[in-house]
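Enquirer: Quick one: the structure is below, and I'll ask about it shortly.
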Amino acid sequence: MADHIEFTKEMKKTHTILAPYMLETQFDMLGEIMKSFGYKIEILKNRSEEVVQDGLMYVHNDTCYPALLVIGQMIHALKSGKYDPDTTALMITQTGGGCRASNYIHLLRKALVKAGFPQVPVISINLSGLEKNSGFSLSLPLIARIMAVLVYGDVLMLLKNQITPYEIHKGETVKKVEEWKKRLSESLYANVHFSLKKVYENIDRIVADFATIEINKTPKVKVGVVGEIYVKYSSLGNNNLEEFLASQDCEVMLPGVMGFMLFKVDNRLEDIKLYGGNPFKKLVCTILFKFFKKFEKAMIDAFSKYPQFTPPMPYEHTKENVKGVIGHGNKMGEGWLLTGEMIDLVQMGYENIVCAQPFGCLPNHICGKGMVRKIRELYPEANIVPIDYDPSATRVNQENRIKLMLSIAKEKL
């Protein structure tokens with residue numbers, strides 16, 4: 001008997017694929033891209049307490065919190081009766097690294113059997129060749145469109161966070177974000193606006209459009225958010241952290257996902273440099289890295305034209321920042337990038353930082369919480385609070401700890 005159910009070419013026509021929710025702007029557009037390639041996909045947005053309880057029921061409680069939530073969300077959807085298990089598939093990413101995230105797919109399959117859905121296939125999205133399914137493939141055209149979505153999402157996320165706290169006409173920024181999401185989704189569905197030239201043009205248009213929003217730059221507490229990728233971005237994972245910070249009259253800076261993508265590809269190149277490897281893999285990773293860098297440059301160039309906006313830091317700058325602080329060999333999970341993003345934020349004026357980490361996530365505790373003292377030695381103005389997210393951690397306790405950090409920030413302001 002096979003160790004898992006394969007997602008076949010026939011299933012592409014008959015099955016609805018359910019995918020977990022993480023990045024609000026990016027994932028909505030990703031769904032449209034997948035549809036344009038003939039996949040019937042739905043991004044899950046169920047977020048009740050039952051999601052957590054299903055995660056606790058079907059996943060070992062010592063497993064990291066993101067796995068528990070993602071698997072809980074999928075099992076909860078299957079149990080809801082909304083989907084026919086015989087014509088439903090699940091999709092999940094695998095990093096292929098030493099982080100426990102590489103094991104999510106195995107935990108999910110075990111949970112499906114336990115919950116009574118052994119017939120449901122699970123599709124792995126990975127760039128490491130870990131698994132293959134005849135009904136799904138990461139072709140170069142699909143990868144190109146995914147990258148376009150990620151960079152568009154980063155641009156919209158950065159603009160939304162930098163403008164919303166200061167907008168004169170409340171709600172104008174969010175309205176513009178939705179308009180651009182719709183416009184970009186429609187064009188990507190029609191297989192246009194994903195070439196490098198088009199992405200450059202669109203980023204310029206997006207930033208120029210948002211620059212027309214009237215703002216009043218009153219002094220506010222600036223807060224950066226870093227951490228494990230899921231709890232950093234997912235409102236389900238971080239108890240609506242961005243919403244809470246906005247309610248405290250803060251401007252939030254959330255580093256984009258492009259930095260993480262560059263970090264992951266760069267790690268592969270570092271491995272090949274140190275230990276050798278497949279020349280073809282090196283070529284593919286080199287091309288991807290250069291491709292990502294061009295997208296990053298397009299963002300930085302567009303933001304730099306407008307003094308009211310803060311452009312993201314170049315990846316090379318982030319990597320250089322950590323020299324003498326943490327080694328580039330620390331690459332499990334978010335690794336040295338987590339430390340680098342905290343230093344970036346301090347240098348950009350967002351010295352008040354929430355480090356969101358799943359309880360028991362060793363890489364985050366070492367490269368996040370474990371580096372706070374060193375960062376404070378180098379940057380005395382850094383005001384960092386690590387926050388653990390876990391089923392047993394109460395929202396009140398988390399918010400009270402953040403409020404304490406904010407009270408120090410307000411005194412300085």
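If you're wondering about the labels, chains in the structure tokens are A, B, ... by order shown, residues count from 1 in each chain, ligands from 1 in order shown.
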Residues near Thr88 of chain A, anyone? I mean within 6 Å using only C-alpha atoms, not counting same-chain ones fewer than 3 positions away, as a ChimeraX atom specification.
Expert: /A:15-17,85
Enquirer: Might you pull out every residue within 7 Å of Pro311 of chain A, with only C-alpha atoms counted and same-chain residues fewer than 3 positions away left off, and present them as JSON, numbers by chain?
Expert: {"A": [300, 303, 304]}
Enquirer: Atoms to include: N, CA and C atoms. Write the selected residues as a PDB file, in the first residue's frame.
Expert:
```pdb
ATOM      1  N   ILE A 300      11.834  48.594  -3.947  1.00  0.00           N
ATOM      2  CA  ILE A 300      12.646  49.626  -3.302  1.00  0.00           C
ATOM      3  C   ILE A 300      12.678  50.898  -4.150  1.00  0.00           C
ATOM      4  N   PHE A 303       9.197  52.756  -3.956  1.00  0.00           N
ATOM      5  CA  PHE A 303       8.964  53.402  -2.665  1.00  0.00           C
ATOM      6  C   PHE A 303       9.893  54.606  -2.466  1.00  0.00           C
ATOM      7  N   SER A 304      11.111  54.488  -2.988  1.00  0.00           N
ATOM      8  CA  SER A 304      12.104  55.544  -2.780  1.00  0.00           C
ATOM      9  C   SER A 304      11.744  56.857  -3.478  1.00  0.00           C
TER      10      SER A 304
END
```
Enquirer: Give me, as a count of residues only, the residues of segment 110-357 of chain A that a backbone DSSP run labels helix (DSSP H, G or I).
Expert: 143
Enquirer: With only C-alpha atoms as the atoms that count, which of A:Met299, A:Val221, A:Ile343, A:Val52 lies nearest to Met157 of chain A?
Expert: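 That would be A:Met299, the residue with the smallest distance to Met157 of chain A.
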Enquirer: Would you please work out which residue, of A:Ile215, A:Ile163, A:Ile206, A:Leu69, is nearest to Arg183 of chain A when using only C-alpha atoms?
Expert: A:Ile206
Enquirer: My list of candidates is A:Ser80, A:Thr8, A:Asn352, A:Gln94. Which is closest to Ile408 of chain A when distances are computed with only C-alpha atoms?
Expert: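 For Ile408 of chain A, the nearest of the candidates is A:Asn352.
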Enquirer: Please extract the residues of segment 149-395 of chain A with a backbone DSSP assignment of strand (DSSP E) and present them as an mmCIF file with C-alpha atoms, in the first residue's frame.
Expert:
```
data_model
loop_
_atom_site.group_PDB
_atom_site.id
_atom_site.type_symbol
_atom_site.label_atom_id
_atom_site.label_comp_id
_atom_site.auth_asym_id
_atom_site.auth_seq_id
_atom_site.Cartn_x
_atom_site.Cartn_y
_atom_site.Cartn_z
ATOM 1 C CA VAL A 221 4.482 54.838 18.074
ATOM 2 C CA LYS A 222 6.119 52.774 15.338
ATOM 3 C CA VAL A 223 6.048 49.021 15.915
ATOM 4 C CA GLY A 224 7.798 46.338 13.902
ATOM 5 C CA VAL A 225 6.541 42.737 13.860
ATOM 6 C CA VAL A 226 8.871 39.796 13.292
ATOM 7 C CA GLY A 227 8.785 36.091 14.113
ATOM 8 C CA CYS A 250 0.431 52.507 16.300
ATOM 9 C CA GLU A 251 1.990 52.375 12.858
ATOM 10 C CA VAL A 252 2.946 48.781 12.084
ATOM 11 C CA MET A 253 5.875 47.662 9.930
ATOM 12 C CA ASN A 352 9.594 48.937 19.206
ATOM 13 C CA ILE A 353 9.344 45.304 18.126
ATOM 14 C CA VAL A 354 6.990 42.394 18.786
ATOM 15 C CA CYS A 355 8.766 39.075 18.213
ATOM 16 C CA ALA A 356 5.902 36.625 17.636
ATOM 17 C CA GLN A 357 6.941 33.033 18.188
ATOM 18 C CA PRO A 358 5.175 29.690 18.653
ATOM 19 C CA ASN A 383 12.440 48.015 22.757
ATOM 20 C CA ILE A 384 11.702 44.351 22.010
ATOM 21 C CA VAL A 385 9.067 42.065 23.524
ATOM 22 C CA PRO A 386 8.976 38.338 22.604
ATOM 23 C CA ILE A 387 5.423 36.957 22.702
ATOM 24 C CA ASP A 388 4.650 33.225 22.793
ATOM 25 C CA TYR A 389 1.606 31.973 20.884
#
```
Enquirer: Using only C-alpha atoms, find each residue of segment 248-307 of chain A with at least one atom at most 12 Å away from an atom of segment 137-140 of chain A; report its shortest atom-to-atom pair and that distance in Å (one decimal), sort the rows by chain and rising residue number, and return the result as JSON lines.
Expert:
```
{"residue": "A:Val284", "atom": "CA", "partner": "A:Leu140", "partner_atom": "CA", "distance": 10.6}
{"residue": "A:Ile287", "atom": "CA", "partner": "A:Leu140", "partner_atom": "CA", "distance": 11.4}
{"residue": "A:Leu288", "atom": "CA", "partner": "A:Leu140", "partner_atom": "CA", "distance": 10.3}
{"residue": "A:Phe291", "atom": "CA", "partner": "A:Leu140", "partner_atom": "CA", "distance": 12.0}
```
Enquirer: Which residues are close to segment 209-211 of chain A, i.e. within 8 Å by only C-alpha atoms, leaving aside same-chain residues fewer than 4 positions away? Reply as number ranges by chain.
Expert: A: 159, 173, 176, 205, 306
Enquirer: Just write the chosen residues, N, CA and C atoms, as a PDB file, in the first residue's frame.
Expert:
```pdb
ATOM      1  N   LEU A 159       2.187  49.450   1.918  1.00  0.00           N
ATOM      2  CA  LEU A 159       1.462  50.707   1.725  1.00  0.00           C
ATOM      3  C   LEU A 159       0.302  50.847   2.704  1.00  0.00           C
ATOM      4  N   THR A 173      -7.614  53.820   2.298  1.00  0.00           N
ATOM      5  CA  THR A 173      -6.488  52.937   1.969  1.00  0.00           C
ATOM      6  C   THR A 173      -6.961  51.507   1.756  1.00  0.00           C
ATOM      7  N   LYS A 176      -8.660  51.083  -1.504  1.00  0.00           N
ATOM      8  CA  LYS A 176      -7.709  51.029  -2.622  1.00  0.00           C
ATOM      9  C   LYS A 176      -7.021  49.671  -2.700  1.00  0.00           C
ATOM     10  N   ARG A 205       2.862  51.952 -10.677  1.00  0.00           N
ATOM     11  CA  ARG A 205       1.487  52.479 -10.716  1.00  0.00           C
ATOM     12  C   ARG A 205       0.809  52.379  -9.350  1.00  0.00           C
ATOM     13  N   TYR A 306       9.012  58.410  -3.172  1.00  0.00           N
ATOM     14  CA  TYR A 306       8.067  59.183  -2.361  1.00  0.00           C
ATOM     15  C   TYR A 306       8.575  59.270  -0.915  1.00  0.00           C
TER      16      TYR A 306
END
```
Enquirer: Could you state the separation of atom CA of Ile33 of chain A and atom CA of Ser134 of chain A in Å, given to one decimal place?
Expert: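 These atoms are spaced 19.1 Å apart.
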Enquirer: Pick out the residues sitting within 10 Å of Glu32 of chain A, and hand them over as a PyMOL selection string; count only C-alpha atoms, and ignore anything fewer than 2 positions along from it in its own chain.
Expert: chain A and resi 27-30+34-37+39-42+182+184-190
Enquirer: Kindly export the residues of the current selection with C-alpha atoms, as an mmCIF file, in the first residue's frame.
Expert:
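Output file part-v8.cif is given in full below:
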```
data_model
loop_
_atom_site.group_PDB
_atom_site.id
_atom_site.type_symbol
_atom_site.label_atom_id
_atom_site.label_comp_id
_atom_site.auth_asym_id
_atom_site.auth_seq_id
_atom_site.Cartn_x
_atom_site.Cartn_y
_atom_site.Cartn_z
ATOM 1 C CA PHE A 27 -3.353 34.329 -0.633
ATOM 2 C CA ASP A 28 -6.520 35.793 -2.125
ATOM 3 C CA MET A 29 -4.624 36.497 -5.354
ATOM 4 C CA LEU A 30 -2.830 33.134 -5.237
ATOM 5 C CA MET A 34 -4.348 28.496 -9.308
ATOM 6 C CA LYS A 35 -7.794 28.734 -10.905
ATOM 7 C CA SER A 36 -6.241 30.100 -14.111
ATOM 8 C CA PHE A 37 -4.157 26.889 -14.277
ATOM 9 C CA TYR A 39 -7.283 23.934 -10.368
ATOM 10 C CA LYS A 40 -10.464 24.267 -8.325
ATOM 11 C CA ILE A 41 -9.091 25.852 -5.172
ATOM 12 C CA GLU A 42 -10.507 27.459 -2.057
ATOM 13 C CA LYS A 182 -9.335 42.735 -7.734
ATOM 14 C CA LEU A 184 -4.385 42.324 -10.285
ATOM 15 C CA SER A 185 -6.273 39.068 -9.674
ATOM 16 C CA GLU A 186 -8.295 39.536 -12.866
ATOM 17 C CA SER A 187 -5.190 40.275 -14.944
ATOM 18 C CA LEU A 188 -3.253 37.344 -13.462
ATOM 19 C CA TYR A 189 -6.224 35.057 -14.111
ATOM 20 C CA ALA A 190 -6.088 36.195 -17.737
#
```
